[in-house]
Amino acid sequence: MSVDVPRRIVILRHAKADWPDGVADHDRPLAERGRRDAPVAGRWLAASGITPDLTLCSTAARTRETWKLVVHELPQRPRTVYEERLYEASPGELIAVVNEVPDDVGDLMLVGHNPGMHALADILAGEAEEEARTRLGHTGFPTSAMAVISFAGSWKSVEHGVGRLEAHWAPHD
């Protein structure tokens, strides 16, 4: 795949998680609302015609559970890598992971956590569809929210302001 082709990054924050007593943060499961919202997010993604070539998912229990419920709604399952560096990652750390993606990947999905996911969407979006920018500014990045950012170039070229925010979606907008 040429490095000049349009590419997309789909940024997904995990669905609503529970806070059970005595459970480490990394091991927190989804709450009932999260188990309802994650499939809705998957249906939105499928209806948008976006099927990632590769998904990088945090190793936390709530992100893995979110991804399993989302991917069930997609027409085909993308290659999935569980990436421990996505857990509690800063936007700079997330960009470093994205910069390692092979150029044969057209559409990439990241499944992770706030505040990193929201900050990454905001940082990468040098341009934006007016409605998407308004929604991102108004609703922020609640659980199960997604941002779709397009850009042209190699994954190594992903940096601040490189992309265009094409869509922002959250289940309770």
# chains A, B, ... in the order shown; residues from 1 in each chain; ligands from 1

call {"tool": "residues_around", "arguments": {"residues": "stretch 163-173 of chain A", "least_positions_apart": "2", "cutoff": "9 Å", "atoms": "only C-alpha atoms", "output": "VMD selection string"}}
result
chain A and resid 8 37 to 38 40 to 41 44 121 to 129 131 to 133 135 to 136 139 141 to 152 158 to 161

call {"tool": "select_by_dssp", "arguments": {"residues": "stretch 2-81 of chain A", "states": "alpha helix (DSSP H)", "output": "CSV table (one decimal) with C-alpha atoms, in the first residue's frame"}}
result
chain,number,residue,atom,x,y,z
A,32,GLU,CA,-24.1,-3.2,32.8
A,33,ARG,CA,-24.4,0.1,30.9
A,34,GLY,CA,-21.0,-0.7,29.2
A,35,ARG,CA,-22.2,-4.1,28.1
A,36,ARG,CA,-25.2,-2.4,26.5
A,37,ASP,CA,-23.3,0.5,24.9
A,38,ALA,CA,-20.4,-1.4,23.4
A,39,PRO,CA,-22.5,-3.3,20.8
A,40,VAL,CA,-24.2,-0.1,19.9
A,41,ALA,CA,-20.8,1.4,19.2
A,42,GLY,CA,-20.0,-1.7,17.0
A,43,ARG,CA,-23.2,-1.2,15.0
A,44,TRP,CA,-22.4,2.5,14.5
A,45,LEU,CA,-18.9,1.5,13.2
A,46,ALA,CA,-20.4,-1.1,10.9
A,47,ALA,CA,-23.0,1.3,9.6
A,61,ALA,CA,-10.1,-6.1,31.2
A,62,ARG,CA,-12.6,-3.3,30.3
A,63,THR,CA,-11.0,-2.5,27.0
A,64,ARG,CA,-10.7,-6.2,26.0
A,65,GLU,CA,-14.4,-6.7,26.9
A,66,THR,CA,-15.4,-3.6,25.0
A,67,TRP,CA,-13.6,-4.7,21.9
A,68,LYS,CA,-15.1,-8.2,22.0
A,69,LEU,CA,-18.6,-6.7,22.1
A,70,VAL,CA,-17.8,-4.2,19.4
A,71,VAL,CA,-16.1,-6.6,17.0

call {"tool": "residues_around", "arguments": {"residues": "A:Ala89", "least_positions_apart": "4", "cutoff": "8 Å", "atoms": "only C-alpha atoms", "output": "list in words"}}
result
Arg85, Glu93, Leu94, His113 and Gly116 of chain A

call {"tool": "atom_distance", "arguments": {"atom1": "atom CA of A:Lys16", "atom2": "atom CA of A:Leu54"}}
result
23.2 Å

call {"tool": "residues_around", "arguments": {"residues": "A:Pro102", "least_positions_apart": "3", "cutoff": "10 Å", "atoms": "only C-alpha atoms", "output": "list of chain:residue names"}}
result
A:Met1, A:Leu54, A:Val98, A:Asn99, A:Val105, A:Gly106, A:Ser154, A:Trp155, A:Lys156

call {"tool": "write_last_selection", "arguments": {"atoms": "N, CA and C atoms", "output": "compact mmCIF listing (two decimals), in the first residue's frame"}}
result
# COMPACT_ATOMS: atom_id res chain seq x y z
N MET A 1 0.86 -1.18 0.00
CA MET A 1 0.00 0.00 0.00
C MET A 1 0.90 1.23 0.00
N LEU A 54 -6.49 -3.29 11.33
CA LEU A 54 -5.78 -3.66 12.55
C LEU A 54 -6.40 -2.92 13.71
N VAL A 98 1.34 4.37 17.37
CA VAL A 98 0.79 4.51 16.02
C VAL A 98 1.92 4.61 14.99
N ASN A 99 2.99 5.29 15.33
CA ASN A 99 4.11 5.45 14.40
C ASN A 99 4.77 4.11 14.04
N VAL A 105 -1.28 -1.28 6.56
CA VAL A 105 -2.54 -1.07 7.28
C VAL A 105 -3.18 0.23 6.77
N GLY A 106 -4.42 0.13 6.30
CA GLY A 106 -5.14 1.32 5.84
C GLY A 106 -5.89 2.00 6.96
N SER A 154 2.33 8.09 5.71
CA SER A 154 2.66 6.84 6.40
C SER A 154 2.29 6.97 7.87
N TRP A 155 2.22 5.85 8.54
CA TRP A 155 1.94 5.86 9.98
C TRP A 155 3.08 6.55 10.73
N LYS A 156 4.27 6.47 10.19
CA LYS A 156 5.41 7.15 10.82
C LYS A 156 5.25 8.67 10.81

call {"tool": "select_by_dssp", "arguments": {"residues": "chain A", "states": "strand (DSSP E or B)", "output": "number ranges by chain"}}
result
A: 6-13, 17, 30, 54-57, 79-82, 107-112, 125-128, 146-152, 163-169

call {"tool": "atom_distance", "arguments": {"atom1": "atom CA of A:Glu88", "atom2": "atom CA of A:Asp25"}}
result
10.4 Å
